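Below is the file protein_24.tsv, which contains TSV, C-alpha atoms.
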```tsv
chain	number	residue	atom	x	y	z
A	1	MET	CA	30.48	37.27	46.84
A	2	PRO	CA	33.24	37.97	49.38
A	3	GLY	CA	33.28	36.57	52.88
A	4	SER	CA	33.43	33.23	54.69
A	5	PRO	CA	31.18	30.29	53.77
A	6	HIS	CA	29.05	31.08	56.84
A	7	ALA	CA	28.65	34.72	55.78
A	8	LYS	CA	27.68	33.68	52.26
A	9	LEU	CA	25.10	31.24	53.63
A	10	GLU	CA	23.61	33.90	55.87
A	11	VAL	CA	23.26	36.42	53.03
A	12	LEU	CA	21.75	33.87	50.63
A	13	THR	CA	19.35	32.52	53.25
A	14	ASP	CA	18.10	36.04	53.97
A	15	LEU	CA	17.53	36.53	50.23
A	16	ILE	CA	15.46	33.31	50.02
A	17	TYR	CA	13.05	34.48	52.71
A	18	GLY	CA	13.12	38.01	51.35
A	19	ALA	CA	12.03	36.68	47.95
A	20	LEU	CA	9.35	34.52	49.57
A	21	PHE	CA	7.74	37.49	51.31
A	22	GLY	CA	8.20	39.99	48.49
A	23	GLU	CA	10.97	42.07	50.07
A	24	THR	CA	13.32	41.19	47.22
A	25	SER	CA	13.21	38.94	44.14
A	26	TRP	CA	14.27	35.41	43.26
A	27	GLN	CA	16.42	37.02	40.60
A	28	ALA	CA	18.34	38.85	43.35
A	29	PHE	CA	18.92	35.53	45.11
A	30	LEU	CA	20.26	33.93	41.92
A	31	ASP	CA	22.46	36.93	41.16
A	32	ALA	CA	24.00	36.68	44.64
A	33	LEU	CA	24.57	32.94	44.26
A	34	THR	CA	26.23	33.52	40.90
A	35	ALA	CA	28.73	35.83	42.59
A	36	THR	CA	30.05	32.95	44.73
A	37	MET	CA	31.87	31.24	41.82
A	38	PRO	CA	34.11	32.39	38.94
A	39	ASP	CA	32.37	33.23	35.64
A	40	ALA	CA	29.28	31.55	37.06
A	41	LYS	CA	25.78	31.19	35.66
A	42	SER	CA	23.09	30.08	38.12
A	43	THR	CA	19.73	28.57	37.22
A	44	LEU	CA	16.54	27.31	38.81
A	45	PHE	CA	15.25	24.70	36.39
A	46	PHE	CA	13.01	21.67	36.05
A	47	HIS	CA	13.72	18.36	34.35
A	48	ASP	CA	11.30	15.60	33.39
A	49	ALA	CA	13.17	12.30	33.50
A	50	VAL	CA	10.35	10.42	31.78
A	51	ALA	CA	9.80	12.79	28.87
A	52	ARG	CA	13.49	13.79	28.76
A	53	THR	CA	12.58	17.45	28.60
A	54	GLY	CA	13.31	20.40	30.80
A	55	GLY	CA	13.71	24.12	30.93
A	56	LEU	CA	15.54	26.93	32.65
A	57	SER	CA	12.86	28.67	34.68
A	58	LEU	CA	15.02	31.53	35.94
A	59	SER	CA	18.69	32.25	35.38
A	60	SER	CA	21.51	34.64	36.22
A	61	GLY	CA	24.41	35.20	33.84
A	62	LEU	CA	22.89	33.44	30.83
A	63	ALA	CA	22.01	35.36	27.68
A	64	GLU	CA	18.51	34.92	26.29
A	65	LYS	CA	19.77	32.96	23.29
A	66	GLU	CA	21.68	30.61	25.62
A	67	THR	CA	18.56	29.96	27.68
A	68	GLU	CA	16.46	29.39	24.56
A	69	ALA	CA	19.01	26.93	23.17
A	70	TYR	CA	18.96	24.90	26.37
A	71	ASN	CA	15.18	24.80	26.56
A	72	ARG	CA	14.81	23.97	22.87
A	73	TYR	CA	17.49	21.28	22.50
A	74	TYR	CA	20.18	20.80	25.12
A	75	ALA	CA	17.84	19.94	28.02
A	76	ALA	CA	17.09	16.64	26.28
A	77	ILE	CA	20.78	15.68	25.99
A	78	ASN	CA	22.10	17.04	29.29
A	79	PRO	CA	24.33	14.10	30.36
A	80	TRP	CA	24.16	15.01	34.05
A	81	MET	CA	20.40	14.58	34.36
A	82	PRO	CA	20.05	10.75	34.32
A	83	ARG	CA	22.12	10.58	37.52
A	84	ALA	CA	20.59	13.76	38.89
A	85	ALA	CA	17.15	12.14	38.60
A	86	THR	CA	18.13	9.66	41.32
A	87	ARG	CA	20.45	11.68	43.54
A	88	PRO	CA	19.28	12.36	47.11
A	89	ILE	CA	17.04	15.40	47.45
A	90	GLY	CA	18.75	18.28	49.22
A	91	LEU	CA	22.31	17.00	48.73
A	92	GLY	CA	24.59	19.35	46.80
A	93	VAL	CA	26.85	17.54	44.33
A	94	ILE	CA	29.56	18.43	41.84
A	95	ALA	CA	29.35	17.52	38.17
A	96	ASP	CA	32.00	14.82	38.49
A	97	GLN	CA	29.72	12.88	40.85
A	98	MET	CA	27.06	12.71	38.14
A	99	LEU	CA	29.38	11.98	35.23
A	100	PRO	CA	33.17	11.51	35.22
A	101	ARG	CA	34.86	14.47	33.56
A	102	ASP	CA	36.60	12.38	30.90
A	103	GLN	CA	33.17	11.19	29.74
A	104	LEU	CA	31.69	14.68	29.88
A	105	LEU	CA	34.38	15.99	27.53
A	106	LYS	CA	33.22	13.56	24.83
A	107	THR	CA	29.63	14.77	24.82
A	108	GLU	CA	27.87	17.14	22.45
A	109	PHE	CA	26.52	18.94	25.49
A	110	TYR	CA	30.02	19.90	26.58
A	111	SER	CA	31.43	20.65	23.13
A	112	ASP	CA	28.53	22.66	21.77
A	113	TYR	CA	26.86	24.14	24.86
A	114	LEU	CA	29.09	24.35	27.93
A	115	ARG	CA	32.10	25.65	26.00
A	116	TRP	CA	29.87	28.03	24.05
A	117	ILE	CA	28.66	29.71	27.26
A	118	GLY	CA	32.16	29.71	28.79
A	119	CYS	CA	31.68	27.01	31.43
A	120	GLU	CA	33.53	23.81	32.30
A	121	SER	CA	31.60	22.23	35.15
A	122	SER	CA	28.77	22.74	37.63
A	123	VAL	CA	27.42	22.16	41.11
A	124	GLY	CA	23.77	21.42	41.75
A	125	VAL	CA	21.08	20.31	44.17
A	126	THR	CA	17.63	18.80	43.70
A	127	ILE	CA	15.06	20.73	45.73
A	128	MET	CA	11.94	18.73	44.84
A	129	ARG	CA	11.08	15.61	42.88
A	130	GLU	CA	7.55	14.53	41.99
A	131	ARG	CA	6.19	12.13	39.36
A	132	GLY	CA	9.59	11.84	37.66
A	133	ARG	CA	9.96	15.60	37.45
A	134	SER	CA	12.61	17.38	39.48
A	135	PHE	CA	13.16	21.01	40.37
A	136	ASN	CA	16.81	21.92	40.74
A	137	LEU	CA	19.24	24.69	41.55
A	138	SER	CA	22.51	24.66	39.66
A	139	THR	CA	25.53	26.89	39.16
A	140	LEU	CA	27.59	26.43	36.02
A	141	THR	CA	31.19	27.60	36.42
A	142	SER	CA	34.47	27.99	34.54
A	143	SER	CA	36.23	26.10	37.35
A	144	SER	CA	36.87	22.40	36.80
A	145	ASP	CA	38.63	22.02	40.17
A	146	PRO	CA	36.58	19.39	42.06
A	147	ASP	CA	37.82	20.55	45.49
A	148	PHE	CA	36.85	24.16	44.83
A	149	ASN	CA	33.51	23.11	43.39
A	150	ARG	CA	32.81	20.79	46.32
A	151	THR	CA	32.87	23.76	48.71
A	152	ASN	CA	30.13	25.40	46.68
A	153	ALA	CA	28.18	22.14	46.52
A	154	GLU	CA	28.20	22.12	50.32
A	155	LEU	CA	26.77	25.65	50.22
A	156	LEU	CA	23.88	24.37	48.08
A	157	SER	CA	23.28	21.55	50.59
A	158	ASP	CA	22.95	24.17	53.33
A	159	LEU	CA	20.58	26.27	51.22
A	160	ALA	CA	18.36	23.35	50.17
A	161	PRO	CA	16.23	23.07	53.36
A	162	HIS	CA	15.45	26.80	53.21
A	163	LEU	CA	14.47	26.58	49.53
A	164	ARG	CA	12.27	23.55	50.19
A	165	ARG	CA	10.60	25.33	53.11
A	166	ALA	CA	9.95	28.39	50.94
A	167	PHE	CA	8.50	26.34	48.08
A	168	ASP	CA	6.29	24.34	50.47
A	169	PHE	CA	4.93	27.63	51.79
A	170	ILE	CA	4.17	28.79	48.24
A	171	ARG	CA	2.43	25.48	47.53
A	172	ARG	CA	0.13	25.95	50.53
A	173	GLU	CA	-0.68	29.51	49.47
A	174	HIS	CA	-1.61	28.41	45.94
A	175	SER	CA	-3.71	25.49	47.17
A	176	ASP	CA	-6.11	27.78	49.07
A	177	PRO	CA	-9.54	26.62	47.81
A	178	HIS	CA	-11.23	29.79	49.10
A	179	ASN	CA	-9.29	31.84	46.55
A	180	ASN	CA	-10.59	29.69	43.68
A	181	GLU	CA	-14.15	29.76	44.98
A	182	ASN	CA	-14.28	33.53	45.05
A	183	GLY	CA	-12.68	33.82	41.63
A	184	LEU	CA	-15.33	31.53	40.19
A	185	ALA	CA	-18.09	33.51	41.92
A	186	LEU	CA	-16.77	36.70	40.38
A	187	PHE	CA	-17.10	35.27	36.88
A	188	ASP	CA	-20.55	33.94	37.76
A	189	SER	CA	-21.56	37.46	38.73
A	190	ILE	CA	-20.69	38.75	35.23
A	191	GLY	CA	-22.45	35.88	33.45
A	192	VAL	CA	-19.31	34.28	32.03
A	193	GLY	CA	-18.35	30.60	32.24
A	194	ILE	CA	-14.82	29.85	33.39
A	195	VAL	CA	-13.04	26.49	33.59
A	196	TYR	CA	-9.47	26.17	34.89
A	197	ILE	CA	-7.82	23.14	33.27
A	198	GLY	CA	-4.60	21.47	34.35
A	199	GLU	CA	-2.34	18.71	33.09
A	200	ASP	CA	-4.05	15.69	31.52
A	201	GLN	CA	-7.02	18.01	30.93
A	202	ASN	CA	-8.16	17.62	34.53
A	203	ILE	CA	-10.60	20.31	35.65
A	204	ARG	CA	-9.13	22.21	38.55
A	205	SER	CA	-12.19	24.39	39.06
A	206	ILE	CA	-15.35	25.32	37.19
A	207	ASN	CA	-18.04	27.90	37.92
A	208	SER	CA	-21.82	27.48	37.79
A	209	ALA	CA	-22.18	29.46	34.56
A	210	ALA	CA	-19.78	27.12	32.76
A	211	GLU	CA	-21.58	24.04	34.10
A	212	ARG	CA	-24.90	25.33	32.76
A	213	MET	CA	-23.46	26.17	29.34
A	214	ILE	CA	-21.69	22.83	28.99
A	215	ALA	CA	-24.93	21.02	29.87
A	216	GLU	CA	-26.64	22.63	26.86
A	217	GLY	CA	-24.71	20.71	24.22
A	218	GLU	CA	-22.33	17.90	23.36
A	219	ALA	CA	-19.34	19.81	21.97
A	220	ILE	CA	-17.83	20.14	25.45
A	221	GLY	CA	-18.35	17.71	28.29
A	222	VAL	CA	-16.97	16.50	31.59
A	223	THR	CA	-15.99	12.87	32.18
A	224	SER	CA	-16.80	10.96	35.36
A	225	THR	CA	-13.17	11.37	36.40
A	226	GLY	CA	-13.30	15.15	36.15
A	227	ARG	CA	-11.54	15.68	32.82
A	228	ILE	CA	-12.69	18.16	30.19
A	229	MET	CA	-13.88	16.46	27.01
A	230	ILE	CA	-13.90	18.44	23.75
A	231	ASN	CA	-15.40	17.16	20.51
A	232	ASP	CA	-14.39	20.21	18.47
A	233	SER	CA	-11.06	19.26	16.83
A	234	GLU	CA	-9.73	22.82	16.57
A	235	LEU	CA	-10.40	23.65	20.20
A	236	ALA	CA	-9.12	20.26	21.42
A	237	SER	CA	-5.87	20.63	19.47
A	238	ARG	CA	-5.24	24.10	20.83
A	239	LEU	CA	-5.89	23.02	24.41
A	240	SER	CA	-3.52	20.08	24.04
A	241	ALA	CA	-0.76	22.36	22.74
A	242	LEU	CA	-1.19	24.86	25.57
A	243	LEU	CA	-0.99	22.15	28.24
A	244	ARG	CA	1.92	20.37	26.60
A	245	HIS	CA	4.38	23.25	26.42
A	246	ARG	CA	5.81	24.71	29.60
A	247	LEU	CA	7.47	28.09	30.02
A	248	GLN	CA	6.02	29.39	26.77
A	249	ALA	CA	3.53	32.19	26.28
A	250	PHE	CA	0.72	31.84	23.75
A	251	SER	CA	-1.78	34.32	22.39
A	252	PRO	CA	-5.41	33.65	23.40
A	253	ALA	CA	-7.27	31.47	20.88
A	254	SER	CA	-11.04	31.69	20.35
A	255	THR	CA	-13.41	29.20	18.70
A	256	LEU	CA	-17.16	29.46	18.04
A	257	ILE	CA	-18.97	26.34	19.27
A	258	ARG	CA	-22.53	25.48	18.19
A	259	MET	CA	-24.82	24.03	20.85
A	260	LYS	CA	-28.47	22.89	20.60
A	261	ASN	CA	-30.17	26.23	20.13
A	262	THR	CA	-27.39	28.76	20.33
A	263	GLY	CA	-23.67	29.24	20.03
A	264	PHE	CA	-20.82	29.88	22.42
A	265	LYS	CA	-17.50	31.56	22.03
A	266	CYS	CA	-14.78	29.55	23.77
A	267	THR	CA	-11.48	31.28	24.43
A	268	LEU	CA	-8.40	29.53	25.76
A	269	VAL	CA	-5.88	31.55	27.74
A	270	LYS	CA	-2.69	30.09	29.17
A	271	MET	CA	-2.34	31.52	32.66
A	272	GLN	CA	0.96	33.15	33.46
A	273	SER	CA	2.52	31.58	36.56
A	274	ASP	CA	5.70	32.19	38.47
A	275	PHE	CA	8.33	29.51	37.91
A	276	ILE	CA	7.64	27.75	41.21
A	277	THR	CA	3.90	27.47	40.62
A	278	GLU	CA	4.56	26.24	37.08
A	279	PHE	CA	6.66	23.39	38.47
A	280	LEU	CA	4.34	22.51	41.35
A	281	GLU	CA	1.08	22.62	39.42
A	282	GLY	CA	2.08	22.40	35.76
A	283	PRO	CA	0.49	24.61	33.11
A	284	THR	CA	-2.99	26.00	33.74
A	285	VAL	CA	-5.32	26.97	30.90
A	286	ALA	CA	-8.46	29.02	31.47
A	287	MET	CA	-11.38	28.31	29.15
A	288	ILE	CA	-13.71	31.31	28.95
A	289	ILE	CA	-17.22	30.50	27.68
A	290	GLU	CA	-19.49	33.32	26.46
A	291	ARG	CA	-22.90	33.14	24.85
A	292	THR	CA	-22.85	34.52	21.31
A	293	SER	CA	-26.37	35.89	21.86
A	294	LEU	CA	-24.79	38.48	24.18
A	295	PRO	CA	-22.31	41.19	23.18
A	296	LEU	CA	-18.90	39.48	23.27
A	297	ARG	CA	-16.19	41.06	25.33
A	298	PRO	CA	-13.03	41.70	23.26
A	299	ASP	CA	-11.19	42.72	26.44
A	300	LEU	CA	-12.26	39.73	28.56
A	301	ASN	CA	-8.94	37.92	28.11
A	302	ASP	CA	-7.13	40.87	29.65
A	303	ALA	CA	-9.78	41.09	32.37
A	304	LEU	CA	-9.23	37.42	33.20
A	305	LEU	CA	-5.50	37.88	33.62
A	306	ARG	CA	-6.07	40.95	35.79
A	307	ILE	CA	-8.77	39.31	37.92
A	308	ASP	CA	-6.43	36.39	38.55
A	309	GLN	CA	-4.09	38.84	40.32
A	310	LEU	CA	-6.71	39.59	42.99
A	311	THR	CA	-6.43	38.03	46.42
A	312	ALA	CA	-9.31	35.97	47.84
A	313	ALA	CA	-10.47	38.92	49.95
A	314	GLU	CA	-10.32	41.29	46.97
A	315	MET	CA	-12.33	38.85	44.85
A	316	ARG	CA	-15.08	38.77	47.49
A	317	ILE	CA	-15.25	42.56	47.49
A	318	ALA	CA	-15.27	42.77	43.67
A	319	ALA	CA	-17.97	40.10	43.39
A	320	GLY	CA	-20.17	41.95	45.87
A	321	ILE	CA	-19.80	45.30	44.10
A	322	THR	CA	-20.49	43.68	40.71
A	323	ALA	CA	-23.60	42.02	42.17
A	324	GLY	CA	-24.96	45.49	43.03
A	325	LEU	CA	-24.19	45.75	46.75
A	326	SER	CA	-22.90	48.96	48.30
A	327	LEU	CA	-19.44	48.89	49.84
A	328	ARG	CA	-20.96	48.99	53.35
A	329	GLU	CA	-23.20	46.03	52.45
A	330	VAL	CA	-20.21	44.14	51.07
A	331	ALA	CA	-18.27	44.85	54.28
A	332	ARG	CA	-21.13	43.51	56.43
A	333	THR	CA	-21.58	40.45	54.20
A	334	ASN	CA	-17.90	39.57	54.49
A	335	ASP	CA	-17.69	40.44	58.20
A	336	VAL	CA	-14.96	43.06	57.75
A	337	SER	CA	-14.83	46.73	58.68
A	338	TYR	CA	-15.79	49.40	56.19
A	339	GLU	CA	-12.21	50.69	56.22
A	340	THR	CA	-10.86	47.24	55.42
A	341	ALA	CA	-13.33	46.86	52.55
A	342	ARG	CA	-12.37	50.29	51.23
A	343	SER	CA	-8.67	49.36	51.38
A	344	HIS	CA	-9.38	46.19	49.39
A	345	LEU	CA	-11.38	48.22	46.87
A	346	LYS	CA	-8.46	50.60	46.31
A	347	ASN	CA	-6.22	47.61	45.59
A	348	ILE	CA	-8.82	46.27	43.14
A	349	TYR	CA	-8.94	49.61	41.33
A	350	SER	CA	-5.16	49.58	40.97
A	351	LYS	CA	-5.00	46.01	39.68
A	352	LEU	CA	-7.91	46.33	37.26
A	353	GLY	CA	-7.01	49.80	36.02
A	354	VAL	CA	-10.20	51.62	37.13
A	355	ASN	CA	-10.87	54.46	39.58
A	356	SER	CA	-14.51	54.07	40.64
A	357	GLN	CA	-17.18	51.47	41.44
A	358	VAL	CA	-18.92	52.38	38.19
A	359	GLY	CA	-15.66	51.80	36.33
A	360	LEU	CA	-15.23	48.46	38.10
A	361	VAL	CA	-18.68	47.26	37.03
A	362	ARG	CA	-18.12	48.46	33.46
A	363	ARG	CA	-14.74	46.74	33.42
A	364	LEU	CA	-16.27	43.40	34.36
A	365	MET	CA	-19.84	43.38	33.17
A	366	PRO	CA	-20.74	42.62	29.51
```

Represent the supplied structure as structure tokens.
Amino acid sequence: MPGSPHAKLEVLTDLIYGALFGETSWQAFLDALTATMPDAKSTLFFHDAVARTGGLSLSSGLAEKETEAYNRYYAAINPWMPRAATRPIGLGVIADQMLPRDQLLKTEFYSDYLRWIGCESSVGVTIMRERGRSFNLSTLTSSSDPDFNRTNAELLSDLAPHLRRAFDFIRREHSDPHNNENGLALFDSIGVGIVYIGEDQNIRSINSAAERMIAEGEAIGVTSTGRIMINDSELASRLSALLRHRLQAFSPASTLIRMKNTGFKCTLVKMQSDFITEFLEGPTVAMIIERTSLPLRPDLNDALLRIDQLTAAEMRIAAGITAGLSLREVARTNDVSYETARSHLKNIYSKLGVNSQVGLVRRLMP
């Protein structure tokens, strides 16, 4: 990226806020950052200092096989990370400050990974650190000149407050409890139990239908501390695997569970999150619970993923329509104008792939 350090900072800062508000993408920001250094490869990545694991969440300049190799093996032996786990948050540093270059050259990480991808050094900054897990921005480069690299490390220091501010904003948006409440109500309206489960099997949210179904048997329960408890070995094993692995997609897995007088179909779906949400909240798994006495919905997994794209306002509109209210009644109930409700409904149609209220109800109802 040509221009003075100030000009580079201004362009990159604009891209951060553009990505935050949807005017551009985080990929565009990384691509622009990559252009500031020779043969560079920029990454937003997390690292768990306790588990000695990590992953490249988003990258620019790295081939897919190079990203996969890092996530699968090299994250655990990255020699820069022990020092990076204690470096000040928001301070850009060069690789030599985390590990002297003569020691780096003796490592497997350098010999088998850095040289393989055509890099010699890096600059980086820690944006967030929580519970031993850090979220970082780094640019790998073919330059081993510490003075040249230090200039780019200073650029990362200047960018860090803007990145932190953007990620804090995203955290507040995702912590909106009203959004969860309306999503749960929507599943209640179609007679389906839904439990959102986070790390350590803690229940993030659960709807009334799921509470009633769980109360009917002993195969699934809730502890006093709010954790999901599963006595079915197959279902428990699958849930554990889904929560353990980050940045990996899994196909939905269904298990039939016998209760006292009936059976339930439990389906686990790993929710797809953007890389920032994945770091802030960890993996989220949705457990869908359906009574086997009712016609099972083969398309419900897809419906879940689509419903999760709805905003809180859109979920309120969809729940009202599914409950049998007219659009004018839904508008009055939610204290919005008819035109506003109609605008939300058009967005719902687009996201759920339907073109009428009848189609919406058929899409959601069993």

Determine, counting all atoms listed in the file, which protein, DNA and RNA residues have an atom within 12 Å of an atom of Tyr110 of chain A; residues of the same chain fewer than 6 positions away are not included. Present the result as an MDAnalysis selection string. chainID A and resid 74 77:80 95 99 101:104 116:122 140

Separation of atom CA of Arg129 of chain A and atom CA of Tyr70 of chain A, in Å? 20.5 Å

Would you mind listing what lies within 8 Å of segment 141-156 of chain A as a PDB file with C-alpha atoms, in the coordinates of the input, with all atoms listed in the file counted and same-chain residues fewer than 6 positions away left out?
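Wrote it out as part23.pdb, contents follow:
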```pdb
ATOM      1  CA  PRO A   5      31.180  30.290  53.770  1.00  0.00           C
ATOM      2  CA  LEU A   9      25.100  31.240  53.630  1.00  0.00           C
ATOM      3  CA  THR A  36      30.050  32.950  44.730  1.00  0.00           C
ATOM      4  CA  MET A  37      31.870  31.240  41.820  1.00  0.00           C
ATOM      5  CA  PRO A  38      34.110  32.390  38.940  1.00  0.00           C
ATOM      6  CA  ASP A  39      32.370  33.230  35.640  1.00  0.00           C
ATOM      7  CA  ALA A  40      29.280  31.550  37.060  1.00  0.00           C
ATOM      8  CA  LYS A  41      25.780  31.190  35.660  1.00  0.00           C
ATOM      9  CA  LEU A  91      22.310  17.000  48.730  1.00  0.00           C
ATOM     10  CA  GLY A  92      24.590  19.350  46.800  1.00  0.00           C
ATOM     11  CA  VAL A  93      26.850  17.540  44.330  1.00  0.00           C
ATOM     12  CA  ILE A  94      29.560  18.430  41.840  1.00  0.00           C
ATOM     13  CA  ASP A  96      32.000  14.820  38.490  1.00  0.00           C
ATOM     14  CA  GLY A 118      32.160  29.710  28.790  1.00  0.00           C
ATOM     15  CA  CYS A 119      31.680  27.010  31.430  1.00  0.00           C
ATOM     16  CA  GLU A 120      33.530  23.810  32.300  1.00  0.00           C
ATOM     17  CA  SER A 121      31.600  22.230  35.150  1.00  0.00           C
ATOM     18  CA  SER A 122      28.770  22.740  37.630  1.00  0.00           C
ATOM     19  CA  VAL A 123      27.420  22.160  41.110  1.00  0.00           C
ATOM     20  CA  GLY A 124      23.770  21.420  41.750  1.00  0.00           C
ATOM     21  CA  VAL A 125      21.080  20.310  44.170  1.00  0.00           C
TER      22      VAL A 125
END
```

Can you work out the spacing between atom CA of Ile194 of chain A and atom CA of Gly226 of chain A in Å, to one decimal?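 So the two atoms, atom CA of Ile194 of chain A and atom CA of Gly226 of chain A, lie 15.0 Å apart.
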
Tell me which protein, DNA and RNA residues are within 12 Å of Ile197 of chain A, counting only C-alpha atoms, leaving out same-chain ones fewer than 5 positions away, and put them as a VMD selection string. chain A and resid 202 to 206 222 226 to 229 239 to 240 242 to 243 268 to 271 281 to 288

So how far away is atom CA of Ala318 of chain A from atom CA of Leu360 of chain A, in Å?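 Going from atom CA of Leu360 of chain A over to atom CA of Ala318 of chain A covers 8.0 Å.
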
Just want the 12 Å neighbourhood of Leu15 of chain A, counted on all atoms listed in the file, with same-chain residues fewer than 4 positions away dropped. Output as a VMD selection string. chain A and resid 8 to 11 19 to 33 159 162 to 163 166
